[in-house]
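Enquirer: File follows, coords.cif with mmCIF, C-alpha atoms:
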```cif
data_start
#
loop_
_atom_site.group_PDB
_atom_site.id
_atom_site.type_symbol
_atom_site.label_atom_id
_atom_site.label_comp_id
_atom_site.auth_asym_id
_atom_site.auth_seq_id
_atom_site.Cartn_x
_atom_site.Cartn_y
_atom_site.Cartn_z
ATOM 1 C CA MET A 1 50.084 -27.435 146.555
ATOM 2 C CA ALA A 2 50.857 -28.013 142.886
ATOM 3 C CA LYS A 3 53.437 -30.370 141.403
ATOM 4 C CA VAL A 4 55.782 -28.659 138.931
ATOM 5 C CA VAL A 5 59.003 -29.197 137.025
ATOM 6 C CA GLY A 6 61.396 -26.356 136.126
ATOM 7 C CA ILE A 7 62.609 -26.212 132.526
ATOM 8 C CA ARG A 8 65.137 -23.903 130.903
ATOM 9 C CA PHE A 9 65.555 -23.416 127.143
ATOM 10 C CA LYS A 10 68.930 -21.652 127.198
ATOM 11 C CA LYS A 11 72.039 -22.171 129.294
ATOM 12 C CA ALA A 12 71.400 -19.176 131.553
ATOM 13 C CA GLY A 13 67.835 -18.450 130.529
ATOM 14 C CA LYS A 14 64.759 -17.956 132.665
ATOM 15 C CA ILE A 15 63.289 -21.037 134.345
ATOM 16 C CA TYR A 16 59.700 -21.841 133.388
ATOM 17 C CA TYR A 17 57.388 -24.129 135.347
ATOM 18 C CA PHE A 18 55.346 -26.894 133.728
ATOM 19 C CA ASP A 19 53.009 -29.593 134.927
ATOM 20 C CA PRO A 20 54.991 -32.885 134.747
ATOM 21 C CA ASP A 21 51.739 -34.804 134.057
ATOM 22 C CA ASN A 22 52.741 -37.877 136.111
ATOM 23 C CA LEU A 23 56.217 -37.996 134.529
ATOM 24 C CA GLU A 24 59.132 -38.342 136.953
ATOM 25 C CA MET A 25 61.807 -35.954 135.668
ATOM 26 C CA GLN A 26 65.305 -35.445 137.055
ATOM 27 C CA VAL A 27 67.760 -32.575 136.695
ATOM 28 C CA GLY A 28 69.602 -32.970 133.387
ATOM 29 C CA ASP A 29 66.727 -34.696 131.593
ATOM 30 C CA HIS A 30 65.282 -33.160 128.438
ATOM 31 C CA ALA A 31 61.618 -32.614 127.704
ATOM 32 C CA ILE A 32 59.316 -31.504 124.914
ATOM 33 C CA VAL A 33 56.863 -28.808 126.003
ATOM 34 C CA GLU A 34 54.448 -26.363 124.428
ATOM 35 C CA THR A 35 55.167 -22.661 124.932
ATOM 36 C CA ALA A 36 53.799 -19.377 123.609
ATOM 37 C CA ARG A 37 56.360 -19.635 120.784
ATOM 38 C CA GLY A 38 55.438 -23.192 119.858
ATOM 39 C CA VAL A 39 56.757 -26.640 120.725
ATOM 40 C CA GLU A 40 60.185 -26.370 122.386
ATOM 41 C CA TYR A 41 62.998 -28.664 123.501
ATOM 42 C CA GLY A 42 64.185 -27.814 127.021
ATOM 43 C CA SER A 43 66.437 -29.032 129.835
ATOM 44 C CA VAL A 44 65.120 -29.897 133.287
ATOM 45 C CA VAL A 45 66.866 -27.775 135.941
ATOM 46 C CA ILE A 46 64.360 -28.317 138.778
ATOM 47 C CA ALA A 47 63.136 -31.870 139.339
ATOM 48 C CA ASN A 48 59.543 -32.690 140.302
ATOM 49 C CA ARG A 49 58.530 -30.773 143.392
ATOM 50 C CA GLU A 50 55.493 -29.298 145.075
ATOM 51 C CA VAL A 51 55.068 -25.534 145.389
ATOM 52 C CA GLU A 52 52.331 -23.294 146.745
ATOM 53 C CA GLU A 53 49.574 -22.413 144.295
ATOM 54 C CA GLY A 54 50.189 -18.682 144.775
ATOM 55 C CA LEU A 55 53.781 -18.910 143.512
ATOM 56 C CA ILE A 56 52.844 -20.079 140.028
ATOM 57 C CA VAL A 57 50.712 -18.701 137.202
ATOM 58 C CA GLN A 58 47.788 -20.975 136.466
ATOM 59 C CA PRO A 59 46.960 -22.822 134.355
ATOM 60 C CA LEU A 60 50.282 -24.607 133.927
ATOM 61 C CA LYS A 61 50.958 -26.183 130.560
ATOM 62 C CA LYS A 62 51.765 -29.879 130.655
ATOM 63 C CA VAL A 63 54.984 -31.541 129.562
ATOM 64 C CA ILE A 64 54.199 -33.243 126.258
ATOM 65 C CA ARG A 65 56.777 -36.004 126.743
ATOM 66 C CA ALA A 66 60.283 -36.785 127.855
ATOM 67 C CA ALA A 67 62.692 -36.160 124.982
ATOM 68 C CA THR A 68 63.661 -39.206 122.942
ATOM 69 C CA GLU A 69 66.830 -39.866 120.942
ATOM 70 C CA ASP A 70 65.033 -38.717 117.808
ATOM 71 C CA ASP A 71 64.108 -35.462 119.558
ATOM 72 C CA THR A 72 67.724 -34.879 120.550
ATOM 73 C CA GLN A 73 68.857 -35.501 116.970
ATOM 74 C CA GLN A 74 66.207 -33.080 115.704
ATOM 75 C CA GLU A 75 67.457 -30.453 118.142
ATOM 76 C CA GLY A 76 70.971 -30.925 116.752
ATOM 77 C CA ILE A 77 69.658 -30.474 113.196
ATOM 78 C CA ASN A 78 67.906 -27.268 114.308
ATOM 79 C CA LYS A 79 71.163 -25.922 115.777
ATOM 80 C CA GLU A 80 72.877 -26.436 112.430
ATOM 81 C CA LYS A 81 69.972 -24.724 110.693
ATOM 82 C CA GLU A 82 70.380 -21.745 113.043
ATOM 83 C CA LYS A 83 74.027 -21.348 112.004
ATOM 84 C CA GLU A 84 73.060 -21.476 108.332
ATOM 85 C CA ALA A 85 70.198 -19.006 108.846
ATOM 86 C CA PHE A 86 72.515 -16.627 110.713
ATOM 87 C CA GLN A 87 74.922 -16.325 107.783
ATOM 88 C CA ILE A 88 72.113 -15.959 105.257
ATOM 89 C CA CYS A 89 70.515 -13.193 107.320
ATOM 90 C CA VAL A 90 73.850 -11.356 107.674
ATOM 91 C CA ASP A 91 74.229 -11.390 103.886
ATOM 92 C CA LYS A 92 70.667 -10.143 103.383
ATOM 93 C CA ILE A 93 71.212 -7.318 105.879
ATOM 94 C CA LYS A 94 74.208 -6.204 103.811
ATOM 95 C CA ASP A 95 72.203 -6.445 100.591
ATOM 96 C CA HIS A 96 69.449 -4.231 102.008
ATOM 97 C CA LYS A 97 72.024 -1.889 103.633
ATOM 98 C CA LEU A 98 70.234 -1.965 106.972
ATOM 99 C CA ASP A 99 71.807 -0.337 110.024
ATOM 100 C CA MET A 100 71.406 -3.324 112.346
ATOM 101 C CA LYS A 101 73.596 -6.008 113.921
ATOM 102 C CA LEU A 102 72.401 -9.608 113.998
ATOM 103 C CA ILE A 103 73.085 -11.262 117.373
ATOM 104 C CA ASP A 104 71.455 -14.682 117.368
ATOM 105 C CA VAL A 105 68.959 -16.947 115.608
ATOM 106 C CA GLU A 106 66.549 -19.418 117.184
ATOM 107 C CA VAL A 107 64.547 -22.127 115.456
ATOM 108 C CA THR A 108 61.621 -23.606 117.384
ATOM 109 C CA PHE A 109 61.681 -27.363 117.814
ATOM 110 C CA ASP A 110 58.717 -27.886 115.468
ATOM 111 C CA ASN A 111 60.283 -25.571 112.823
ATOM 112 C CA ASN A 112 57.165 -23.383 112.798
ATOM 113 C CA LYS A 113 59.073 -20.190 113.579
ATOM 114 C CA MET A 114 62.529 -18.625 113.244
ATOM 115 C CA ILE A 115 63.433 -15.767 115.556
ATOM 116 C CA PHE A 116 66.233 -13.354 114.618
ATOM 117 C CA TYR A 117 67.625 -11.195 117.455
ATOM 118 C CA PHE A 118 69.344 -7.943 116.534
ATOM 119 C CA THR A 119 70.530 -4.634 117.947
ATOM 120 C CA ALA A 120 70.216 -1.218 116.316
ATOM 121 C CA GLU A 121 70.625 2.426 117.275
ATOM 122 C CA GLY A 122 67.052 3.281 116.318
ATOM 123 C CA ARG A 123 64.081 1.884 114.468
ATOM 124 C CA VAL A 124 64.765 -0.257 111.409
ATOM 125 C CA ASP A 125 62.441 -0.870 108.457
ATOM 126 C CA PHE A 126 63.071 -4.577 107.924
ATOM 127 C CA ARG A 127 59.904 -5.486 106.006
ATOM 128 C CA GLU A 128 61.775 -6.374 102.833
ATOM 129 C CA LEU A 129 64.277 -8.404 104.850
ATOM 130 C CA VAL A 130 61.443 -10.428 106.414
ATOM 131 C CA LYS A 131 59.989 -11.147 102.957
ATOM 132 C CA ASP A 132 63.348 -12.426 101.716
ATOM 133 C CA LEU A 133 63.869 -14.642 104.768
ATOM 134 C CA ALA A 134 60.327 -16.035 104.572
ATOM 135 C CA SER A 135 60.784 -16.943 100.907
ATOM 136 C CA ILE A 136 64.054 -18.754 101.693
ATOM 137 C CA PHE A 137 63.057 -20.686 104.835
ATOM 138 C CA ARG A 138 59.325 -21.146 104.140
ATOM 139 C CA THR A 139 58.331 -20.598 107.756
ATOM 140 C CA ARG A 140 57.196 -17.799 110.066
ATOM 141 C CA ILE A 141 59.883 -15.157 110.581
ATOM 142 C CA GLU A 142 60.159 -12.907 113.612
ATOM 143 C CA LEU A 143 62.748 -10.154 114.041
ATOM 144 C CA ARG A 144 63.207 -9.001 117.617
ATOM 145 C CA GLN A 145 65.256 -5.980 118.681
ATOM 146 C CA ILE A 146 67.103 -6.457 121.976
ATOM 147 C CA GLY A 147 69.104 -4.253 124.359
ATOM 148 C CA VAL A 148 72.796 -4.227 125.197
ATOM 149 C CA ARG A 149 72.401 -6.414 128.297
ATOM 150 C CA ASP A 150 70.647 -9.126 126.295
ATOM 151 C CA GLU A 151 73.327 -8.857 123.612
ATOM 152 C CA ALA A 152 76.067 -9.526 126.178
ATOM 153 C CA LYS A 153 74.059 -12.423 127.620
ATOM 154 C CA MET A 154 73.706 -14.080 124.217
ATOM 155 C CA LEU A 155 77.270 -13.519 123.008
ATOM 156 C CA ASN A 156 79.064 -14.081 126.342
ATOM 157 C CA GLY A 157 82.553 -12.763 127.004
ATOM 158 C CA ILE A 158 85.186 -12.268 129.711
ATOM 159 C CA GLY A 159 84.540 -9.676 132.403
ATOM 160 C CA ILE A 160 87.053 -7.453 134.172
ATOM 161 C CA CYS A 161 87.329 -10.170 136.843
ATOM 162 C CA GLY A 162 88.737 -12.581 134.248
ATOM 163 C CA ARG A 163 85.732 -14.909 134.373
ATOM 164 C CA PRO A 164 82.886 -15.510 131.874
ATOM 165 C CA LEU A 165 80.021 -13.045 132.219
ATOM 166 C CA CYS A 166 77.565 -13.737 135.051
ATOM 167 C CA CYS A 167 74.572 -13.057 132.798
ATOM 168 C CA ALA A 168 75.695 -15.705 130.307
ATOM 169 C CA THR A 169 76.613 -18.389 132.842
ATOM 170 C CA PHE A 170 74.102 -18.426 135.703
ATOM 171 C CA LEU A 171 71.920 -15.295 135.975
ATOM 172 C CA GLY A 172 68.436 -16.260 134.796
ATOM 173 C CA GLU A 173 67.089 -12.712 134.980
ATOM 174 C CA PHE A 174 68.636 -9.252 135.215
ATOM 175 C CA GLN A 175 68.343 -7.549 138.597
ATOM 176 C CA PRO A 176 68.033 -3.756 138.846
ATOM 177 C CA VAL A 177 71.405 -2.152 139.633
ATOM 178 C CA SER A 178 71.838 1.474 140.718
ATOM 179 C CA ILE A 179 74.734 3.883 141.222
ATOM 180 C CA LYS A 180 73.822 3.979 144.931
ATOM 181 C CA MET A 181 75.161 0.422 145.220
ATOM 182 C CA ALA A 182 78.589 1.535 143.986
ATOM 183 C CA LYS A 183 78.590 4.383 146.513
ATOM 184 C CA GLU A 184 77.595 2.062 149.361
ATOM 185 C CA GLN A 185 80.585 -0.155 148.502
ATOM 186 C CA ASN A 186 82.952 2.822 148.355
ATOM 187 C CA LEU A 187 83.816 2.237 144.689
ATOM 188 C CA SER A 188 85.026 4.786 142.184
ATOM 189 C CA LEU A 189 82.164 6.581 140.467
ATOM 190 C CA ASN A 190 84.016 6.667 137.172
ATOM 191 C CA PRO A 191 81.594 4.952 134.739
ATOM 192 C CA THR A 192 84.408 3.159 132.902
ATOM 193 C CA LYS A 193 85.397 1.399 136.145
ATOM 194 C CA ILE A 194 81.964 0.236 137.273
ATOM 195 C CA SER A 195 80.437 -0.746 133.928
ATOM 196 C CA GLY A 196 80.544 -4.135 132.212
ATOM 197 C CA ILE A 197 81.240 -4.891 128.564
ATOM 198 C CA CYS A 198 77.581 -4.156 127.851
ATOM 199 C CA GLY A 199 78.135 -0.577 129.001
ATOM 200 C CA ARG A 200 75.744 -0.894 131.959
ATOM 201 C CA LEU A 201 76.562 -1.050 135.654
ATOM 202 C CA PHE A 202 78.083 -4.335 136.831
ATOM 203 C CA CYS A 203 75.472 -6.949 137.758
ATOM 204 C CA CYS A 204 77.778 -8.031 140.611
ATOM 205 C CA LEU A 205 77.201 -4.716 142.423
ATOM 206 C CA LYS A 206 73.963 -6.337 143.559
ATOM 207 C CA TYR A 207 75.546 -9.405 145.170
ATOM 208 C CA GLU A 208 76.922 -7.812 148.358
ATOM 209 C CA GLU A 209 74.634 -4.796 148.536
ATOM 210 C CA GLU A 210 72.691 -5.969 151.602
ATOM 211 C CA THR A 211 75.923 -6.746 153.480
ATOM 212 C CA TYR A 212 77.392 -3.317 152.751
ATOM 213 C CA GLU A 213 74.158 -1.577 153.760
ATOM 214 C CA GLU A 214 74.272 -3.372 157.106
ATOM 215 C CA LEU A 215 77.975 -2.608 157.654
ATOM 216 C CA ASN A 216 77.572 1.065 156.721
ATOM 217 C CA LYS A 217 74.964 1.556 159.453
ATOM 218 C CA ASN A 218 77.758 1.509 162.050
ATOM 219 C CA LEU A 219 80.117 3.862 160.209
ATOM 220 C CA PRO A 220 80.177 7.682 160.047
ATOM 221 C CA ASP A 221 80.329 9.538 156.729
ATOM 222 C CA VAL A 222 83.631 10.941 155.517
ATOM 223 C CA GLY A 223 83.829 14.519 156.807
ATOM 224 C CA SER A 224 81.707 13.844 159.894
ATOM 225 C CA HIS A 225 82.800 15.119 163.303
ATOM 226 C CA VAL A 226 83.267 12.373 165.858
ATOM 227 C CA LYS A 227 84.221 12.050 169.498
ATOM 228 C CA THR A 228 87.174 9.691 169.934
ATOM 229 C CA PRO A 229 88.975 8.373 173.040
ATOM 230 C CA ASP A 230 91.658 10.991 172.268
ATOM 231 C CA GLY A 231 89.321 13.934 171.758
ATOM 232 C CA MET A 232 87.417 15.533 168.870
ATOM 233 C CA GLY A 233 88.155 14.416 165.325
ATOM 234 C CA GLU A 234 87.074 14.591 161.705
ATOM 235 C CA VAL A 235 86.606 11.430 159.642
ATOM 236 C CA ILE A 236 89.068 11.130 156.745
ATOM 237 C CA SER A 237 88.232 7.645 155.463
ATOM 238 C CA VAL A 238 86.509 4.422 156.475
ATOM 239 C CA ASN A 239 87.261 0.732 155.955
ATOM 240 C CA ILE A 240 83.839 -0.828 155.554
ATOM 241 C CA ILE A 241 84.904 -4.481 155.750
ATOM 242 C CA ARG A 242 87.152 -4.110 158.812
ATOM 243 C CA GLN A 243 84.853 -1.508 160.408
ATOM 244 C CA LEU A 244 87.747 0.901 160.964
ATOM 245 C CA VAL A 245 87.734 4.706 160.791
ATOM 246 C CA ARG A 246 90.661 7.029 160.086
ATOM 247 C CA ALA A 247 90.177 10.352 161.809
ATOM 248 C CA LEU A 248 92.152 13.581 162.044
ATOM 249 C CA VAL A 249 92.390 14.265 165.793
ATOM 250 C CA LYS A 250 93.633 17.377 167.540
ATOM 251 C CA LYS A 251 96.371 16.630 170.065
ATOM 252 C CA LYS A 252 95.673 17.512 173.685
ATOM 253 C CA ASP A 253 97.288 20.749 174.851
ATOM 254 C CA SER A 254 98.446 21.479 171.284
ATOM 255 C CA ASP A 255 97.188 22.910 168.011
ATOM 256 C CA GLU A 256 98.758 20.057 166.050
ATOM 257 C CA LYS A 257 96.641 17.277 164.513
ATOM 258 C CA GLU A 258 97.423 13.639 163.867
ATOM 259 C CA VAL A 259 95.760 10.794 162.007
ATOM 260 C CA LYS A 260 94.576 7.881 164.122
ATOM 261 C CA ILE A 261 92.645 4.721 163.415
ATOM 262 C CA TYR A 262 89.688 3.633 165.544
ATOM 263 C CA SER A 263 87.126 0.865 165.437
ATOM 264 C CA ALA A 264 83.561 2.004 164.743
ATOM 265 C CA GLY A 265 82.450 1.055 168.261
ATOM 266 C CA GLU A 266 84.906 3.498 169.853
ATOM 267 C CA LEU A 267 83.424 6.572 168.190
ATOM 268 C CA GLU A 268 80.462 8.792 168.870
ATOM 269 C CA ILE A 269 79.124 10.659 165.831
ATOM 270 C CA LEU A 270 78.541 14.302 166.768
ATOM 271 C CA MET A 271 77.771 16.143 163.532
ATOM 272 C CA PRO A 272 77.223 14.248 160.265
ATOM 273 C CA LYS A 273 78.545 15.949 157.178
ATOM 274 C CA LYS A 274 75.779 17.772 155.334
ATOM 275 C CA ARG A 275 75.162 16.091 152.014
ATOM 276 C CA LYS A 276 74.615 18.062 148.843
ATOM 277 C CA ASP A 277 71.723 17.497 146.508
ATOM 278 C CA GLU A 278 73.364 14.815 144.417
ATOM 279 C CA ASP A 279 71.011 14.889 141.442
ATOM 280 C CA ASP A 280 72.726 17.587 139.395
ATOM 281 C CA ILE A 281 75.447 15.706 137.532
ATOM 282 C CA ILE A 282 74.822 13.309 134.663
ATOM 283 C CA ILE A 283 77.620 11.295 133.117
ATOM 284 C CA LYS A 284 77.174 9.713 129.705
ATOM 285 C CA LEU A 285 79.289 6.871 128.424
ATOM 286 C CA PRO A 286 80.756 7.085 124.892
ATOM 287 C CA LYS A 287 78.186 7.061 122.113
ATOM 288 C CA GLY A 288 77.369 3.590 120.899
ATOM 289 C CA LYS A 289 78.332 1.922 124.175
ATOM 290 C CA VAL A 290 75.001 2.387 125.934
ATOM 291 C CA ASP A 291 71.538 3.526 124.987
ATOM 292 C CA GLU A 292 70.679 5.413 128.178
ATOM 293 C CA GLU A 293 72.097 7.979 130.588
ATOM 294 C CA TYR A 294 73.586 7.162 133.968
ATOM 295 C CA GLU A 295 72.513 9.579 136.660
ATOM 296 C CA VAL A 296 75.572 9.695 138.876
ATOM 297 C CA LYS A 297 75.059 11.317 142.267
ATOM 298 C CA ILE A 298 78.429 12.436 143.655
ATOM 299 C CA LEU A 299 79.655 14.569 146.492
ATOM 300 C CA LYS A 300 82.656 16.156 144.727
ATOM 301 C CA GLU A 301 82.389 17.628 141.250
ATOM 302 C CA LYS A 302 85.931 16.572 140.417
ATOM 303 C CA PHE A 303 84.572 13.103 139.625
ATOM 304 C CA LYS A 304 82.921 14.606 136.542
ATOM 305 C CA ASN A 305 86.315 14.961 134.875
ATOM 306 C CA GLU A 306 87.840 11.652 135.977
#
```
Can I see the file as structure tokens?

Expert:
Amino acid sequence: MAKVVGIRFKKAGKIYYFDPDNLEMQVGDHAIVETARGVEYGSVVIANREVEEGLIVQPLKKVIRAATEDDTQQEGINKEKEKEAFQICVDKIKDHKLDMKLIDVEVTFDNNKMIFYFTAEGRVDFRELVKDLASIFRTRIELRQIGVRDEAKMLNGIGICGRPLCCATFLGEFQPVSIKMAKEQNLSLNPTKISGICGRLFCCLKYEEETYEELNKNLPDVGSHVKTPDGMGEVISVNIIRQLVRALVKKKDSDEKEVKIYSAGELEILMPKKRKDEDDIIIKLPKGKVDEEYEVKILKEKFKNE
């Protein structure tokens, strides 16, 4: 077992493990540590604990020291410097007429490096921009192009649910999200209804995926033929949460049909509806909103024009 402490450098950033080096650190404390980018000021989010050796990447770097008042003041000075550097960089981008959008600026705690995050449609020749910034700030300059998800995480915003974005408040890392998750949850396959402000599929589709997969195991597909207590029927719709099925059932001794609701346990699935090859339709969101295609697998082609 190895003793570690978990430190985060941004509000909803990834948690990195360090060797506490005999320091007793509590959640909310601040620490000075050495990272691949240089000396950094971070917040403790996981107090001292022991974990299995196989769960961490050795060798762990040690915590240099617990942050002092002077360190906290220096961090505040760096934050002000980041704001100043942001405006200067925006002006320089305009001067050089570069097709790029500056998102954020980071200054390492030891002032050895400044990192400028930006988005752009394609590749950008920013060599002259780097020279200008280096001559102004007299330190190492790094320009890093990021994707739309990272842009949303850094800028934050309000989602369709009316709450701040998950990625900017508590998600340390992005989880893979697929269109299959939306289908499992019986959501509309219209991209504008299942995409966040970043233009990608909602991160929250992942939260209840396992629950919906388990619930769907007991339900027939829409269009399936089932045997009900009242005779043969065809499934019209399903309520996944309540485990109810609406079926069109033929009345006994009559050619008329009626719609009835049954619980999943009352039905016997006789002939599942044959699924089409669902790989033939690709829906693209408006240009500039995303930088990749969504492969939407759907059963009815009418969704293409929704």

Enquirer: Which residues are close to range 257-265 of chain A, i.e. within 7 Å by all atoms listed in the file, leaving aside same-chain residues fewer than 5 positions away? Reply as a PDB file with C-alpha atoms, in the coordinates of the input.

Expert:
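Final output, saved to out09.pdb:
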```
ATOM      1  CA  ASN A 218      77.758   1.509 162.050  1.00  0.00           C
ATOM      2  CA  LEU A 219      80.117   3.862 160.209  1.00  0.00           C
ATOM      3  CA  GLN A 243      84.853  -1.508 160.408  1.00  0.00           C
ATOM      4  CA  LEU A 244      87.747   0.901 160.964  1.00  0.00           C
ATOM      5  CA  VAL A 245      87.734   4.706 160.791  1.00  0.00           C
ATOM      6  CA  ARG A 246      90.661   7.029 160.086  1.00  0.00           C
ATOM      7  CA  ALA A 247      90.177  10.352 161.809  1.00  0.00           C
ATOM      8  CA  LEU A 248      92.152  13.581 162.044  1.00  0.00           C
ATOM      9  CA  VAL A 249      92.390  14.265 165.793  1.00  0.00           C
ATOM     10  CA  LYS A 250      93.633  17.377 167.540  1.00  0.00           C
ATOM     11  CA  LYS A 251      96.371  16.630 170.065  1.00  0.00           C
TER      12      LYS A 251
END
```

Enquirer: Give me, please, the distance in Å between CA of Ile158 in chain A and CA of Ile197 in chain A, quoted to one decimal.

Expert: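 Interatomic distance here is 8.4 Å.
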
Enquirer: Quick one: of A:Ile88, A:Arg65, A:Glu52, A:Ile194, who's nearest to Ile136 in chain A, counting only C-alpha atoms?

Expert: A:Ile88

Enquirer: Could you please determine the separation between CA of Asp132 in chain A and CA of Phe86 in chain A in Å, to one decimal place?

Expert: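 Going from CA of Asp132 in chain A over to CA of Phe86 in chain A, I get 13.5 Å.
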
Enquirer: Within 7 Å of Val45 in chain A, counting all atoms listed in the file, which residues qualify if same-chain residues fewer than 6 places away don't, as a PyMOL selection string?

Expert: chain A and resi 6-8+27-28

Enquirer: I want to know what sits within 9 Å of Lys62 in chain A, based on all atoms listed in the file, with residues of the same chain fewer than 6 positions away left out; could you give that as a count of residues only?

Expert: 6

Enquirer: With distances taken over only C-alpha atoms, which of A:Glu234, A:Asp125, A:Glu142, A:Asp71 is nearest to His96 in chain A?

Expert: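 Ranking A:Glu234, A:Asp125, A:Glu142, A:Asp71 by distance to His96 in chain A, first place goes to A:Asp125.
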
Enquirer: Using all atoms listed in the file, can you tell me which of A:Glu209, A:Glu24, A:Glu256, A:Glu121 comes closest to Arg49 in chain A?

Expert: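 Among A:Glu209, A:Glu24, A:Glu256, A:Glu121, it is A:Glu24 that comes nearest to Arg49 in chain A.
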
Enquirer: Kindly indicate which residue among A:Glu75, A:Lys227, A:Arg37, A:Asp221 lies nearest to Ile115 in chain A, using all atoms listed in the file for the distances.

Expert: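 Closest to Ile115 in chain A, using all atoms listed in the file: A:Arg37.
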
Enquirer: Within 9 Å of (76.5, -2.5, 138.2) in the file's own coordinates, which protein, DNA or RNA residues have an atom, counting all atoms listed in the file? List them as a PyMOL selection string.

Expert: chain A and resi 176-179+181-182+194-196+200-206

Enquirer: Write a file of the just-selected residues containing C-alpha atoms, as a short mmCIF file (atom, residue, chain, number, x, y, z; two decimals), in the frame of the given file.

Expert:
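Saved the output as part_27.cif:
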```
data_model
loop_
_atom_site.label_atom_id
_atom_site.label_comp_id
_atom_site.auth_asym_id
_atom_site.auth_seq_id
_atom_site.Cartn_x
_atom_site.Cartn_y
_atom_site.Cartn_z
CA PRO A 176 68.03 -3.76 138.85
CA VAL A 177 71.40 -2.15 139.63
CA SER A 178 71.84 1.47 140.72
CA ILE A 179 74.73 3.88 141.22
CA MET A 181 75.16 0.42 145.22
CA ALA A 182 78.59 1.54 143.99
CA ILE A 194 81.96 0.24 137.27
CA SER A 195 80.44 -0.75 133.93
CA GLY A 196 80.54 -4.14 132.21
CA ARG A 200 75.74 -0.89 131.96
CA LEU A 201 76.56 -1.05 135.65
CA PHE A 202 78.08 -4.34 136.83
CA CYS A 203 75.47 -6.95 137.76
CA CYS A 204 77.78 -8.03 140.61
CA LEU A 205 77.20 -4.72 142.42
CA LYS A 206 73.96 -6.34 143.56
#
```

Enquirer: Assuming the chain letters and numbering stay as they are in my file, what does the PyMOL selection byres ((chain A and resi 144-150) around 12) actually select? List them as a PyMOL selection string.

Expert: chain A and resi 12-13+100-106+114-126+130+141-143+151-156+165-168+171-176+195-203+288-292

Enquirer: Nearest to Tyr41 in chain A: which of A:Lys61, A:Lys83, A:Asp95, A:Phe109 is it, counting all atoms listed in the file?

Expert: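 Closest candidate: A:Phe109.
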
Enquirer: May I ask you to restore N, CA, C and O atoms in range 233-244 of chain A and write the result as a compact mmCIF listing (two decimals), in the coordinates of the input?

Expert:
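In the end it all went to out.txt:
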```txt
# COMPACT_ATOMS: atom_id res chain seq x y z
N GLY A 233 87.49 14.73 166.58
CA GLY A 233 88.16 14.42 165.32
C GLY A 233 87.22 14.53 164.14
O GLY A 233 86.00 14.61 164.29
N GLU A 234 87.84 14.55 162.96
CA GLU A 234 87.07 14.59 161.71
C GLU A 234 87.43 13.35 160.88
O GLU A 234 88.59 13.02 160.72
N VAL A 235 86.41 12.67 160.38
CA VAL A 235 86.61 11.43 159.64
C VAL A 235 87.26 11.70 158.30
O VAL A 235 86.78 12.53 157.51
N ILE A 236 88.36 10.99 158.01
CA ILE A 236 89.07 11.13 156.74
C ILE A 236 88.67 10.01 155.79
O ILE A 236 88.43 10.24 154.60
N SER A 237 88.61 8.79 156.29
CA SER A 237 88.23 7.64 155.46
C SER A 237 87.71 6.52 156.36
O SER A 237 87.90 6.54 157.58
N VAL A 238 87.04 5.56 155.73
CA VAL A 238 86.51 4.42 156.48
C VAL A 238 86.86 3.13 155.75
O VAL A 238 86.98 3.11 154.52
N ASN A 239 87.07 2.07 156.50
CA ASN A 239 87.26 0.73 155.96
C ASN A 239 86.01 -0.06 156.30
O ASN A 239 85.82 -0.47 157.45
N ILE A 240 85.15 -0.24 155.30
CA ILE A 240 83.84 -0.83 155.55
C ILE A 240 83.95 -2.26 156.04
O ILE A 240 83.29 -2.65 157.01
N ILE A 241 84.80 -3.07 155.40
CA ILE A 241 84.90 -4.48 155.75
C ILE A 241 85.46 -4.67 157.16
O ILE A 241 84.94 -5.46 157.95
N ARG A 242 86.51 -3.95 157.50
CA ARG A 242 87.15 -4.11 158.81
C ARG A 242 86.51 -3.24 159.88
O ARG A 242 86.89 -3.31 161.05
N GLN A 243 85.56 -2.39 159.47
CA GLN A 243 84.85 -1.51 160.41
C GLN A 243 85.83 -0.59 161.16
O GLN A 243 85.74 -0.39 162.37
N LEU A 244 86.77 -0.02 160.40
CA LEU A 244 87.75 0.90 160.96
C LEU A 244 87.55 2.30 160.39
O LEU A 244 87.11 2.45 159.25
```
